Amino acid sequence: MKEHAQEQKQAVARRGSRAEKEAAAERDVLAKIAEMPEADRVLAERIHAVVKDAAPDLTPRLWYGMPAYARDGKVICHFQSAQKFKSRYATLGFSDQAALDDGAVWPTAYALKELTAADEQRIITLVKKAMG
């Protein structure tokens, strides 16, 4: 919660055009990724590249201290490092804004230990579906 409050203060303090604010938000995301332990950083860097390529309309931003990707200010997906929550795996999560509905039950988070080309393709498919 403290990180989220700080993110909100930083967002309010920024002045300038929308493009300048988006560029600053992306720099914040890249800085947060750079702080991660190597295993999480490698995954986060790949997720960042894959999401930006699959959905260039999504804007990178920090969300509760995690790299996230939003449309019209609403987070669609986010990366959660294993280290941050002392978990055995990192997670790619999707918010309720993501159009992943599949019947009455569907996954909203995916465990990540490593990323193969096939895994990246699956993430591309998920992100494109999430965009609606």
# chains A, B, ... in the order shown; residues from 1 in each chain; ligands from 1

$ closest_atom_pairs --of "region 27-58 of chain A" --to "region 75-82 of chain A" --cutoff "8 Å" --atoms "only C-alpha atoms" --output "tab-separated table"
residue	atom	partner	partner_atom	distance
A:Met36	CA	A:Ser81	CA	7.7
A:Asp40	CA	A:Ser81	CA	5.6
A:Ala44	CA	A:Phe79	CA	6.7
A:Ile47	CA	A:Phe79	CA	7.6

$ write_last_selection --atoms "N, CA and C atoms" --output "tab-separated table (two decimals), in the first residue's frame"
chain	number	residue	atom	x	y	z
A	36	MET	N	15.11	-5.83	-9.57
A	36	MET	CA	14.74	-7.20	-9.22
A	36	MET	C	15.95	-8.14	-9.23
A	40	ASP	N	14.00	-13.00	-11.49
A	40	ASP	CA	12.78	-12.22	-11.73
A	40	ASP	C	13.00	-11.17	-12.81
A	44	ALA	N	10.81	-10.55	-16.07
A	44	ALA	CA	10.11	-9.26	-16.20
A	44	ALA	C	10.51	-8.53	-17.48
A	47	ILE	N	8.68	-10.33	-20.29
A	47	ILE	CA	7.25	-10.00	-20.24
A	47	ILE	C	7.03	-8.59	-20.76

$ select_by_dssp --residues "region 7-122 of chain A" --states "strand (DSSP E)" --output "ChimeraX atom specification"
/A:59-63,66-71,74-80,90-94,109-112

$ closest_atom_pairs --of "region 40-116 of chain A" --to "region 14-34 of chain A" --cutoff "7 Å" --atoms "only C-alpha atoms" --output "JSON lines"
{"residue": "A:Arg41", "atom": "CA", "partner": "A:Ile33", "partner_atom": "CA", "distance": 5.6}
{"residue": "A:Ala44", "atom": "CA", "partner": "A:Ile33", "partner_atom": "CA", "distance": 6.3}
{"residue": "A:Glu45", "atom": "CA", "partner": "A:Ile33", "partner_atom": "CA", "distance": 7.0}
{"residue": "A:Thr59", "atom": "CA", "partner": "A:Glu22", "partner_atom": "CA", "distance": 6.8}
{"residue": "A:Pro60", "atom": "CA", "partner": "A:Glu26", "partner_atom": "CA", "distance": 5.2}
{"residue": "A:Arg61", "atom": "CA", "partner": "A:Ala25", "partner_atom": "CA", "distance": 5.0}
{"residue": "A:Leu62", "atom": "CA", "partner": "A:Val29", "partner_atom": "CA", "distance": 5.8}
{"residue": "A:Pro67", "atom": "CA", "partner": "A:Val29", "partner_atom": "CA", "distance": 5.4}

$ select_by_dssp --residues "region 42-84 of chain A" --states "alpha helix (DSSP H)" --output "ChimeraX atom specification"
/A:42-54

$ residues_around --residues "Pro107 (chain A)" --least-positions-apart "4" --cutoff "10 Å" --atoms "only C-alpha atoms" --output "compact mmCIF listing (two decimals) with all heavy atoms, in the first residue's frame"
# COMPACT_ATOMS: atom_id res chain seq x y z
N GLY A 93 -0.30 -11.72 -13.98
CA GLY A 93 -1.70 -11.66 -13.58
C GLY A 93 -2.50 -10.74 -14.48
O GLY A 93 -1.96 -9.82 -15.10
N PHE A 94 -3.80 -10.99 -14.53
CA PHE A 94 -4.73 -10.18 -15.31
C PHE A 94 -5.82 -9.65 -14.39
O PHE A 94 -6.31 -10.36 -13.52
CB PHE A 94 -5.35 -11.03 -16.44
CG PHE A 94 -4.36 -11.41 -17.49
CD1 PHE A 94 -3.58 -12.56 -17.36
CD2 PHE A 94 -4.17 -10.62 -18.61
CE1 PHE A 94 -2.65 -12.91 -18.32
CE2 PHE A 94 -3.24 -10.97 -19.58
CZ PHE A 94 -2.48 -12.12 -19.43
N LEU A 100 -10.78 -12.02 -20.56
CA LEU A 100 -10.36 -13.41 -20.63
C LEU A 100 -11.49 -14.38 -20.32
O LEU A 100 -11.26 -15.59 -20.25
CB LEU A 100 -9.20 -13.67 -19.66
CG LEU A 100 -7.89 -12.96 -19.98
CD1 LEU A 100 -6.85 -13.26 -18.90
CD2 LEU A 100 -7.37 -13.34 -21.34
N ASP A 101 -12.69 -13.88 -20.14
CA ASP A 101 -13.82 -14.72 -19.76
C ASP A 101 -13.92 -15.95 -20.66
O ASP A 101 -13.84 -15.86 -21.88
CB ASP A 101 -15.13 -13.93 -19.87
CG ASP A 101 -15.12 -12.66 -19.04
OD1 ASP A 101 -14.08 -12.00 -19.00
OD2 ASP A 101 -16.15 -12.34 -18.45
N ASP A 102 -14.11 -17.10 -20.00
CA ASP A 102 -14.25 -18.37 -20.70
C ASP A 102 -15.20 -19.24 -19.89
O ASP A 102 -14.76 -20.03 -19.05
CB ASP A 102 -12.88 -19.03 -20.86
CG ASP A 102 -12.94 -20.30 -21.70
OD1 ASP A 102 -13.94 -20.52 -22.41
OD2 ASP A 102 -11.98 -21.08 -21.62

$ closest_atom_pairs --of "region 16-87 of chain A" --to "region 109-131 of chain A" --cutoff "7 Å" --atoms "only C-alpha atoms" --output "CSV"
residue,atom,partner,partner_atom,distance
A:Leu43,CA,A:Glu114,CA,6.7
A:Val50,CA,A:Ile124,CA,6.6
A:Val51,CA,A:Val127,CA,6.8
A:Ala54,CA,A:Ile124,CA,5.5
A:Ala55,CA,A:Lys128,CA,6.6

$ atom_distance --atom1 "CA of Val42 (chain A)" --atom2 "CA of Ser87 (chain A)"
16.3 Å

$ atom_distance --atom1 "CA of Ser95 (chain A)" --atom2 "CA of Glu35 (chain A)"
24.1 Å

$ decode --residues "region 98-132 of chain A" --atoms "C-alpha atoms" --output "compact mmCIF listing (two decimals), in the first residue's frame"
# COMPACT_ATOMS: atom_id res chain seq x y z
CA ALA A 98 -9.05 -8.20 -19.07
CA ALA A 99 -11.49 -9.88 -21.45
CA LEU A 100 -10.36 -13.41 -20.63
CA ASP A 101 -13.82 -14.72 -19.76
CA ASP A 102 -14.25 -18.37 -20.70
CA GLY A 103 -17.48 -19.79 -19.35
CA ALA A 104 -18.05 -19.58 -15.61
CA VAL A 105 -14.44 -20.28 -14.52
CA TRP A 106 -11.14 -19.08 -16.01
CA PRO A 107 -7.59 -18.37 -14.82
CA THR A 108 -6.50 -14.81 -14.08
CA ALA A 109 -2.88 -15.50 -13.10
CA TYR A 110 -0.13 -17.67 -14.53
CA ALA A 111 2.96 -18.97 -12.73
CA LEU A 112 6.27 -18.23 -14.46
CA LYS A 113 9.51 -20.10 -13.85
CA GLU A 114 11.08 -19.56 -17.29
CA LEU A 115 9.89 -18.48 -20.73
CA THR A 116 10.27 -20.53 -23.88
CA ALA A 117 9.24 -19.35 -27.35
CA ALA A 118 6.02 -21.35 -26.95
CA ASP A 119 5.35 -19.69 -23.58
CA GLU A 120 5.89 -16.27 -25.10
CA GLN A 121 3.44 -17.11 -27.89
CA ARG A 122 0.86 -18.17 -25.29
CA ILE A 123 1.35 -14.87 -23.45
CA ILE A 124 0.92 -12.95 -26.71
CA THR A 125 -2.37 -14.79 -27.28
CA LEU A 126 -3.53 -14.07 -23.71
CA VAL A 127 -2.63 -10.38 -23.90
CA LYS A 128 -4.38 -9.94 -27.25
CA LYS A 129 -7.47 -11.72 -25.89
CA ALA A 130 -7.34 -9.59 -22.74
CA MET A 131 -7.51 -6.46 -24.90
CA GLY A 132 -10.89 -7.58 -26.18
